[in-house]
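J.: Have a look at this one.
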Amino acid sequence: MSWFSSKKKEFSDEPIIQERIIKVNGDPAVKSYRRGKFLGKGGFAKVYEFYCQESKELIAGKILPKTALIKARARQKLMNEIKIHRSLHHKNIVGFDHYFEDGENIYILLELCTNQTLCEVMRRRKRITEIEVQYYIFQLIQALRYLHTHKVIHRDIKLGNLFITDQMELKLGDFGLAAKVEFDGERKRTICGTPNYIAPEVIDGRQGHSYEVDIWSVGALMFTLLVGKAPFEAVDLHSTYQNIKTLSYSFPEHLKISKEAKMIIGDILKVDPAERPSLDQILSSPFFTRNPIPKQLPASTLAVPPSNS
Ligand code: ADP
């Protein structure tokens, strides 16, 4: 499957990146990409639009300098990310096209999500309506259902990892902290990096953690989308962890948040992972069933509330 967008665009004199390939007949050849618009930067990576000169199509190109991958652990983490991400194929997961390297960098080519992430939406909107939360979380749950069936835990669900396409579809991305469950009942012990909506069992560490950490993040994310700030936010990390362990969060009284929304968030944010609902149970809660979930949101909602709210 190809993730190239068919949109045509001309770049003037941006750098050209060359990929060495072997043709089907065994002959060596070169594929050229023009590095276009800067899309964003992560830990070590910078992401740009890549314009493939042969196919005249656009894709997202993540550039990782090899100097950032000198430590074995950093290399191993990247290989883990690539191995997991390239095995995934779902309409709500950012498509992984392929990767290649030259002397300086590793290039990962990904499905282009032109409408950025929910992080930018929240920066503009502060908070979004319940209908919009239904729309986005429904799609996130489809992605998680696929992931968990394929024995993958994402472990870093956050606004900045929820990408939006030109069609306003939500796509889960960034598998940098993801883990494959190797056998039924396996409990993971470590997470390298700091997940945003960290679950209490990860902080505690004693009993290990599994798929339920993603469910926890869905609850914390729903709260954030409706309220405009994370549920356990505090002055420092220690206080945040304390708030998580003691479930200290509350809905601001001045906001009109429905009892159905409060109920499902309360059901999800349980300290004991076994008490949290399954993905299907979340979708059959009144918050998701009381009205039909919209099939599409207008692109205007990236910046302003929907007109009927
Ligand atoms: P890292 O894994 O190093 O954190 P990310 O994958 O989060 O890097 O990418 C950094 C930024 O690049 C994102 O916040 C986003 O703005 C942009 N970006 C990443 N992937 C895409 C994509 N597929 N389409 C469009 N923009 C992207």
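Simple scheme: letters A, B, ... for chains in structure tokens order, numbers from 1 for residues in each chain, numbers from 1 for ligands in the order shown.
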Taking the backbone alone, and naming residues the way the document does, which bits of region 88-284 of chain A are helix (DSSP H, G or I) by DSSP, as an MDAnalysis selection string?

T.: chainID A and resid 118:125 130:149 159:161 200:204 212:227 237:245 259:268 273:275 279:283

J.: Would you mind listing what lies within 9 Å of Pro200 (chain A) as a PyMOL selection string, with only C-alpha atoms counted and same-chain residues fewer than 6 positions away left out?

T.: chain A and resi 213+216+241+244-246+270-273

J.: Would you list the residues that come within 9 Å of ligand 1? Count only C-alpha atoms and all ligand atoms and give the answer as an MDAnalysis selection string.

T.: chainID A and resid 38:49 59:62 64 94:96 109:117 119:120 160:161 163:165 171 173:176

J.: Please produce a file of the residues just selected, as a tab-separated table (two decimals), in the first residue's frame, where the atoms kept are N, CA and C atoms.

T.:
```tsv
chain	number	residue	atom	x	y	z
A	38	PHE	N	8.44	22.40	6.42
A	38	PHE	CA	8.73	21.84	7.75
A	38	PHE	C	7.41	21.56	8.45
A	39	LEU	N	7.23	20.35	8.98
A	39	LEU	CA	5.95	20.00	9.61
A	39	LEU	C	6.02	20.02	11.13
A	40	GLY	N	7.18	19.75	11.68
A	40	GLY	CA	7.28	19.75	13.14
A	40	GLY	C	8.52	19.01	13.60
A	41	LYS	N	8.84	19.13	14.90
A	41	LYS	CA	9.98	18.38	15.39
A	41	LYS	C	9.64	17.62	16.67
A	42	GLY	N	10.27	16.49	16.82
A	42	GLY	CA	10.06	15.67	18.03
A	42	GLY	C	11.35	15.61	18.82
A	43	GLY	N	11.57	14.53	19.54
A	43	GLY	CA	12.78	14.34	20.35
A	43	GLY	C	14.04	14.63	19.55
A	44	PHE	N	14.36	13.72	18.62
A	44	PHE	CA	15.56	13.90	17.78
A	44	PHE	C	15.17	14.24	16.35
A	45	ALA	N	13.92	13.98	16.03
A	45	ALA	CA	13.52	14.00	14.62
A	45	ALA	C	12.98	15.34	14.17
A	46	LYS	N	13.20	15.62	12.87
A	46	LYS	CA	12.53	16.75	12.23
A	46	LYS	C	11.68	16.15	11.12
A	47	VAL	N	10.46	16.67	10.96
A	47	VAL	CA	9.56	16.10	9.98
A	47	VAL	C	9.23	17.16	8.92
A	48	TYR	N	9.35	16.75	7.66
A	48	TYR	CA	9.09	17.65	6.52
A	48	TYR	C	8.16	16.98	5.53
A	49	GLU	N	7.54	17.79	4.66
A	49	GLU	CA	6.88	17.23	3.50
A	49	GLU	C	7.99	16.75	2.56
A	59	ILE	N	4.55	13.09	0.74
A	59	ILE	CA	4.49	12.19	1.89
A	59	ILE	C	5.21	12.89	3.05
A	60	ALA	N	5.00	12.42	4.29
A	60	ALA	CA	5.74	13.00	5.42
A	60	ALA	C	7.06	12.25	5.58
A	61	GLY	N	8.14	12.99	5.72
A	61	GLY	CA	9.47	12.38	5.89
A	61	GLY	C	10.05	12.76	7.23
A	62	LYS	N	10.30	11.76	8.04
A	62	LYS	CA	10.87	12.00	9.38
A	62	LYS	C	12.37	11.78	9.28
A	64	LEU	N	15.99	11.48	10.99
A	64	LEU	CA	16.70	11.27	12.26
A	64	LEU	C	18.19	11.26	12.01
A	94	VAL	N	-1.51	6.13	11.59
A	94	VAL	CA	-0.68	6.79	10.57
A	94	VAL	C	0.04	5.70	9.75
A	95	GLY	N	-0.15	5.72	8.43
A	95	GLY	CA	0.45	4.70	7.58
A	95	GLY	C	1.97	4.80	7.55
A	96	PHE	N	2.62	3.65	7.61
A	96	PHE	CA	4.09	3.58	7.53
A	96	PHE	C	4.42	3.15	6.12
A	109	LEU	N	9.38	7.37	6.02
A	109	LEU	CA	8.32	7.98	5.22
A	109	LEU	C	6.96	7.52	5.73
A	110	LEU	N	6.14	8.51	6.09
A	110	LEU	CA	4.85	8.24	6.73
A	110	LEU	C	3.72	8.92	5.96
A	111	GLU	N	2.54	8.39	6.13
A	111	GLU	CA	1.34	9.01	5.57
A	111	GLU	C	1.27	10.47	6.02
A	112	LEU	N	1.04	11.37	5.09
A	112	LEU	CA	1.01	12.80	5.42
A	112	LEU	C	-0.32	13.20	6.06
A	113	CYS	N	-0.22	13.80	7.25
A	113	CYS	CA	-1.45	14.26	7.93
A	113	CYS	C	-1.41	15.78	7.94
A	114	THR	N	-2.09	16.40	6.99
A	114	THR	CA	-1.90	17.83	6.73
A	114	THR	C	-2.53	18.73	7.78
A	115	ASN	N	-3.47	18.21	8.57
A	115	ASN	CA	-4.13	19.08	9.54
A	115	ASN	C	-3.52	19.00	10.95
A	116	GLN	N	-2.23	18.65	11.01
A	116	GLN	CA	-1.47	18.61	12.27
A	116	GLN	C	-2.08	17.64	13.28
A	117	THR	N	-2.03	18.02	14.58
A	117	THR	CA	-2.48	17.08	15.61
A	117	THR	C	-3.53	17.76	16.51
A	119	CYS	N	-3.14	18.51	19.38
A	119	CYS	CA	-2.43	19.48	20.22
A	119	CYS	C	-2.64	20.90	19.68
A	120	GLU	N	-2.48	21.05	18.38
A	120	GLU	CA	-2.67	22.38	17.75
A	120	GLU	C	-4.14	22.78	17.81
A	160	GLY	N	-0.58	15.27	21.03
A	160	GLY	CA	0.42	15.43	19.98
A	160	GLY	C	0.64	14.18	19.14
A	161	ASN	N	0.11	13.04	19.58
A	161	ASN	CA	0.26	11.81	18.79
A	161	ASN	C	-1.03	11.44	18.07
A	163	PHE	N	-3.01	12.51	15.04
A	163	PHE	CA	-2.87	13.30	13.81
A	163	PHE	C	-4.21	13.42	13.10
A	164	ILE	N	-4.36	14.50	12.34
A	164	ILE	CA	-5.61	14.73	11.61
A	164	ILE	C	-5.28	14.91	10.13
A	165	THR	N	-5.99	14.17	9.28
A	165	THR	CA	-5.71	14.24	7.83
A	165	THR	C	-6.52	15.37	7.19
A	171	LYS	N	-5.78	9.87	13.16
A	171	LYS	CA	-4.81	8.78	12.99
A	171	LYS	C	-3.83	8.78	14.16
A	173	GLY	N	-0.42	8.01	15.89
A	173	GLY	CA	0.96	7.88	15.40
A	173	GLY	C	1.96	7.77	16.54
A	174	ASP	N	3.25	7.84	16.19
A	174	ASP	CA	4.38	7.80	17.11
A	174	ASP	C	4.39	6.55	18.00
A	175	PHE	N	5.06	5.53	17.50
A	175	PHE	CA	5.13	4.25	18.24
A	175	PHE	C	6.43	4.12	19.01
A	176	GLY	N	6.99	5.27	19.38
A	176	GLY	CA	8.28	5.30	20.09
A	176	GLY	C	8.27	4.62	21.45
```

J.: Within 10 Å of Pro65 (chain A), counting only C-alpha atoms, which residues show up once you throw out same-chain ones fewer than 3 positions away? Write them as a PDB file with N, CA and C atoms, in the first residue's frame, please.

T.:
```
ATOM      1  N   PHE A  44      14.365  13.722  18.623  1.00  0.00           N
ATOM      2  CA  PHE A  44      15.557  13.905  17.777  1.00  0.00           C
ATOM      3  C   PHE A  44      15.174  14.236  16.348  1.00  0.00           C
ATOM      4  N   ALA A  45      13.918  13.984  16.031  1.00  0.00           N
ATOM      5  CA  ALA A  45      13.516  14.004  14.622  1.00  0.00           C
ATOM      6  C   ALA A  45      12.981  15.342  14.169  1.00  0.00           C
ATOM      7  N   LYS A  46      13.200  15.620  12.873  1.00  0.00           N
ATOM      8  CA  LYS A  46      12.526  16.748  12.228  1.00  0.00           C
ATOM      9  C   LYS A  46      11.684  16.152  11.116  1.00  0.00           C
ATOM     10  N   LYS A  62      10.301  11.756   8.043  1.00  0.00           N
ATOM     11  CA  LYS A  62      10.869  12.003   9.382  1.00  0.00           C
ATOM     12  C   LYS A  62      12.366  11.777   9.280  1.00  0.00           C
ATOM     13  N   ALA A  68      22.369  11.170  16.558  1.00  0.00           N
ATOM     14  CA  ALA A  68      21.477  11.023  17.715  1.00  0.00           C
ATOM     15  C   ALA A  68      21.262   9.549  18.060  1.00  0.00           C
ATOM     16  N   LEU A  69      21.835   8.683  17.210  1.00  0.00           N
ATOM     17  CA  LEU A  69      21.577   7.247  17.403  1.00  0.00           C
ATOM     18  C   LEU A  69      22.857   6.481  17.730  1.00  0.00           C
ATOM     19  N   ILE A  70      23.807   7.197  18.314  1.00  0.00           N
ATOM     20  CA  ILE A  70      25.086   6.553  18.623  1.00  0.00           C
ATOM     21  C   ILE A  70      24.915   5.555  19.769  1.00  0.00           C
ATOM     22  N   GLU A 101      18.194   4.929   4.559  1.00  0.00           N
ATOM     23  CA  GLU A 101      19.222   5.763   5.197  1.00  0.00           C
ATOM     24  C   GLU A 101      20.256   6.215   4.182  1.00  0.00           C
ATOM     25  N   ASP A 102      20.971   7.296   4.532  1.00  0.00           N
ATOM     26  CA  ASP A 102      22.184   7.647   3.789  1.00  0.00           C
ATOM     27  C   ASP A 102      23.292   7.801   4.831  1.00  0.00           C
ATOM     28  N   GLY A 103      24.394   8.408   4.469  1.00  0.00           N
ATOM     29  CA  GLY A 103      25.507   8.514   5.419  1.00  0.00           C
ATOM     30  C   GLY A 103      25.157   9.264   6.700  1.00  0.00           C
ATOM     31  N   GLU A 104      24.276  10.256   6.579  1.00  0.00           N
ATOM     32  CA  GLU A 104      24.002  11.130   7.728  1.00  0.00           C
ATOM     33  C   GLU A 104      22.760  10.782   8.533  1.00  0.00           C
ATOM     34  N   ASN A 105      21.700  10.369   7.814  1.00  0.00           N
ATOM     35  CA  ASN A 105      20.389  10.259   8.465  1.00  0.00           C
ATOM     36  C   ASN A 105      19.663   8.954   8.191  1.00  0.00           C
ATOM     37  N   ILE A 106      18.652   8.742   9.033  1.00  0.00           N
ATOM     38  CA  ILE A 106      17.652   7.710   8.739  1.00  0.00           C
ATOM     39  C   ILE A 106      16.392   8.475   8.355  1.00  0.00           C
ATOM     40  N   TYR A 107      15.708   8.029   7.310  1.00  0.00           N
ATOM     41  CA  TYR A 107      14.482   8.695   6.829  1.00  0.00           C
ATOM     42  C   TYR A 107      13.319   7.722   6.963  1.00  0.00           C
TER      43      TYR A 107
END
```

J.: List as a PDB file with N, CA and C atoms, in the first residue's frame the protein and nucleic acid residues near Glu182 (chain A), meaning an atom at most 12 Å away when only C-alpha atoms are counted, but skip any in the same chain fewer than 6 places from it.

T.:
```pdb
ATOM      1  N   HIS A 150      -3.764  -6.944  17.903  1.00  0.00           N
ATOM      2  CA  HIS A 150      -2.457  -7.344  17.379  1.00  0.00           C
ATOM      3  C   HIS A 150      -1.375  -7.322  18.454  1.00  0.00           C
ATOM      4  N   LYS A 151      -1.805  -7.352  19.703  1.00  0.00           N
ATOM      5  CA  LYS A 151      -0.911  -7.471  20.869  1.00  0.00           C
ATOM      6  C   LYS A 151       0.104  -6.332  20.998  1.00  0.00           C
ATOM      7  N   VAL A 152      -0.343  -5.127  20.627  1.00  0.00           N
ATOM      8  CA  VAL A 152       0.532  -3.955  20.767  1.00  0.00           C
ATOM      9  C   VAL A 152      -0.103  -2.987  21.766  1.00  0.00           C
ATOM     10  N   ILE A 153       0.708  -2.501  22.711  1.00  0.00           N
ATOM     11  CA  ILE A 153       0.261  -1.446  23.629  1.00  0.00           C
ATOM     12  C   ILE A 153       0.950  -0.166  23.163  1.00  0.00           C
ATOM     13  N   LYS A 188       4.254  -5.770  31.433  1.00  0.00           N
ATOM     14  CA  LYS A 188       5.456  -5.011  31.092  1.00  0.00           C
ATOM     15  C   LYS A 188       5.980  -4.321  32.351  1.00  0.00           C
ATOM     16  N   SER A 210      -0.160  -3.448  31.401  1.00  0.00           N
ATOM     17  CA  SER A 210      -0.507  -4.016  30.098  1.00  0.00           C
ATOM     18  C   SER A 210      -1.472  -3.091  29.347  1.00  0.00           C
TER      19      SER A 210
END
```

J.: Which polymer residues have any atom within 6 Å of an atom of region 298-304 of chain A, counting only C-alpha atoms, with same-chain residues fewer than 4 positions away left out, as a list in words?

T.: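 Listed by chain and then number, they are Val121, Arg124 and Arg125 of chain A.
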
J.: I'd like to know which of A:Ile265, A:Ala274, A:Ile293, A:His90 is closest to Glu201 (chain A), using only C-alpha atoms.

T.: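 The shortest atom-to-atom distance to Glu201 (chain A) comes from A:Ala274.
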
J.: Mind checking which residues fall within 9 Å of region 190-198 of chain A, counting only C-alpha atoms, ignoring those fewer than 2 positions away in the same chain, and posting them as a VMD selection string?

T.: chain A and resid 77 155 to 158 176 to 179 188 200 to 203 205 208 to 209 213 to 214 216 to 218 220 to 221 230 232 241 244

J.: Output C-alpha atoms for every residue in that selection, as a PDB file, in the first residue's frame.

T.:
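Heads up, here's the output in result-v8.pdb:
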```pdb
ATOM      1  CA  LYS A  77      14.332   2.157  20.577  1.00  0.00           C
ATOM      2  CA  ARG A 155       1.708   3.554  25.907  1.00  0.00           C
ATOM      3  CA  ASP A 156       1.907   7.199  24.848  1.00  0.00           C
ATOM      4  CA  ILE A 157      -1.544   8.332  23.798  1.00  0.00           C
ATOM      5  CA  LYS A 158      -1.557  12.124  23.949  1.00  0.00           C
ATOM      6  CA  GLY A 176       8.279   5.302  20.089  1.00  0.00           C
ATOM      7  CA  LEU A 177       7.083   3.904  23.429  1.00  0.00           C
ATOM      8  CA  ALA A 178       4.938   1.061  22.047  1.00  0.00           C
ATOM      9  CA  ALA A 179       5.452  -2.517  23.207  1.00  0.00           C
ATOM     10  CA  LYS A 188       5.456  -5.011  31.092  1.00  0.00           C
ATOM     11  CA  PRO A 200      -1.115   4.609  38.310  1.00  0.00           C
ATOM     12  CA  GLU A 201       0.182   1.028  37.824  1.00  0.00           C
ATOM     13  CA  VAL A 202       3.100   2.394  35.753  1.00  0.00           C
ATOM     14  CA  ILE A 203       4.031   4.835  38.525  1.00  0.00           C
ATOM     15  CA  GLY A 205       5.683  -0.384  38.999  1.00  0.00           C
ATOM     16  CA  GLY A 208       3.686  -4.402  35.903  1.00  0.00           C
ATOM     17  CA  HIS A 209       1.286  -3.025  33.305  1.00  0.00           C
ATOM     18  CA  VAL A 213      -2.651   1.764  30.388  1.00  0.00           C
ATOM     19  CA  ASP A 214      -4.042   2.785  26.980  1.00  0.00           C
ATOM     20  CA  TRP A 216      -6.483   4.993  31.219  1.00  0.00           C
ATOM     21  CA  SER A 217      -5.039   7.460  28.713  1.00  0.00           C
ATOM     22  CA  VAL A 218      -8.341   7.527  26.806  1.00  0.00           C
ATOM     23  CA  ALA A 220      -7.407  11.305  30.792  1.00  0.00           C
ATOM     24  CA  LEU A 221      -7.519  12.489  27.176  1.00  0.00           C
ATOM     25  CA  ALA A 230      -5.189  17.545  32.003  1.00  0.00           C
ATOM     26  CA  PHE A 232      -4.014  15.494  37.294  1.00  0.00           C
ATOM     27  CA  TYR A 241       1.938  11.453  40.395  1.00  0.00           C
ATOM     28  CA  ILE A 244      -2.878  10.173  39.899  1.00  0.00           C
TER      29      ILE A 244
END
```

J.: What is the distance, in Å and to one decimal place, between CA of Ile17 (chain A) and CA of Tyr33 (chain A)?

T.: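 Those two atoms sit 5.1 Å apart.
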
J.: Do you have the CA of Met263 (chain A)-CA of Leu118 (chain A) distance handy?

T.: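 If I compute the distance from CA of Met263 (chain A) to CA of Leu118 (chain A), I get 23.2 Å.
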
J.: Might you pull out every residue within 10 Å of Asn291 (chain A), with only C-alpha atoms counted and same-chain residues fewer than 3 positions away left off, and present them as a list in words?

T.: Ile131, Gln134, Pro286, Phe287, Phe288 and Pro294 of chain A

J.: Deliver the residues from the most recent selection as a file, using C-alpha atoms, as a CSV table (one decimal), in the first residue's frame.

T.:
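The result, stored in selection-v7.csv:
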```
chain,number,residue,atom,x,y,z
A,131,ILE,CA,-19.9,15.9,19.8
A,134,GLN,CA,-17.3,11.5,20.5
A,286,PRO,CA,-24.4,6.4,27.1
A,287,PHE,CA,-21.8,9.1,26.2
A,288,PHE,CA,-21.3,7.3,22.9
A,294,PRO,CA,-21.0,12.4,13.4
```

J.: Under the rule that only C-alpha atoms are counted, which of A:Ile93, A:Leu297, A:Ile108, A:Ile82 is the nearest residue to Tyr146 (chain A)?

T.: A:Ile93

J.: Choose the residue, out of A:Val181, A:Leu279, A:Leu225, A:Leu247, that has the smallest atom-to-atom separation from Ala143 (chain A); count only C-alpha atoms.

T.: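 Under the stated criterion, the closest residue is A:Leu279.
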
J.: Where does DSSP see strand (DSSP E or B) in region 102-296 of chain A, if you list the residues as a list in words?

T.: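 Matching residues, listed in order: Asn105, Ile106, Tyr107, Ile108, Leu109, Leu110, Thr117, Val152, Ile153, Leu162, Phe163, Ile164, Leu170, Lys171, Leu172, Ala179, Lys180, Lys188 and His209 of chain A.
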
J.: My list of candidates is A:Lys126, A:Lys31, A:Arg86, A:His238. Which is closest to Leu226 (chain A) when distances are computed with only C-alpha atoms?

T.: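 Checking each candidate against Leu226 (chain A), we get A:Lys126 as the closest.
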
J.: Report, in Å to a single decimal, how far apart CA of His85 (chain A) and CA of Pro15 (chain A) are.

T.: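 CA of His85 (chain A) lies at a distance of 27.1 Å from CA of Pro15 (chain A).
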
J.: Considering only C-alpha atoms, state which residue in the set A:Phe50, A:Thr67, A:Phe100, A:Glu253 is at the smallest distance from Arg20 (chain A).

T.: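 Of the candidates, the smallest distance to Arg20 (chain A) is held by A:Phe100.
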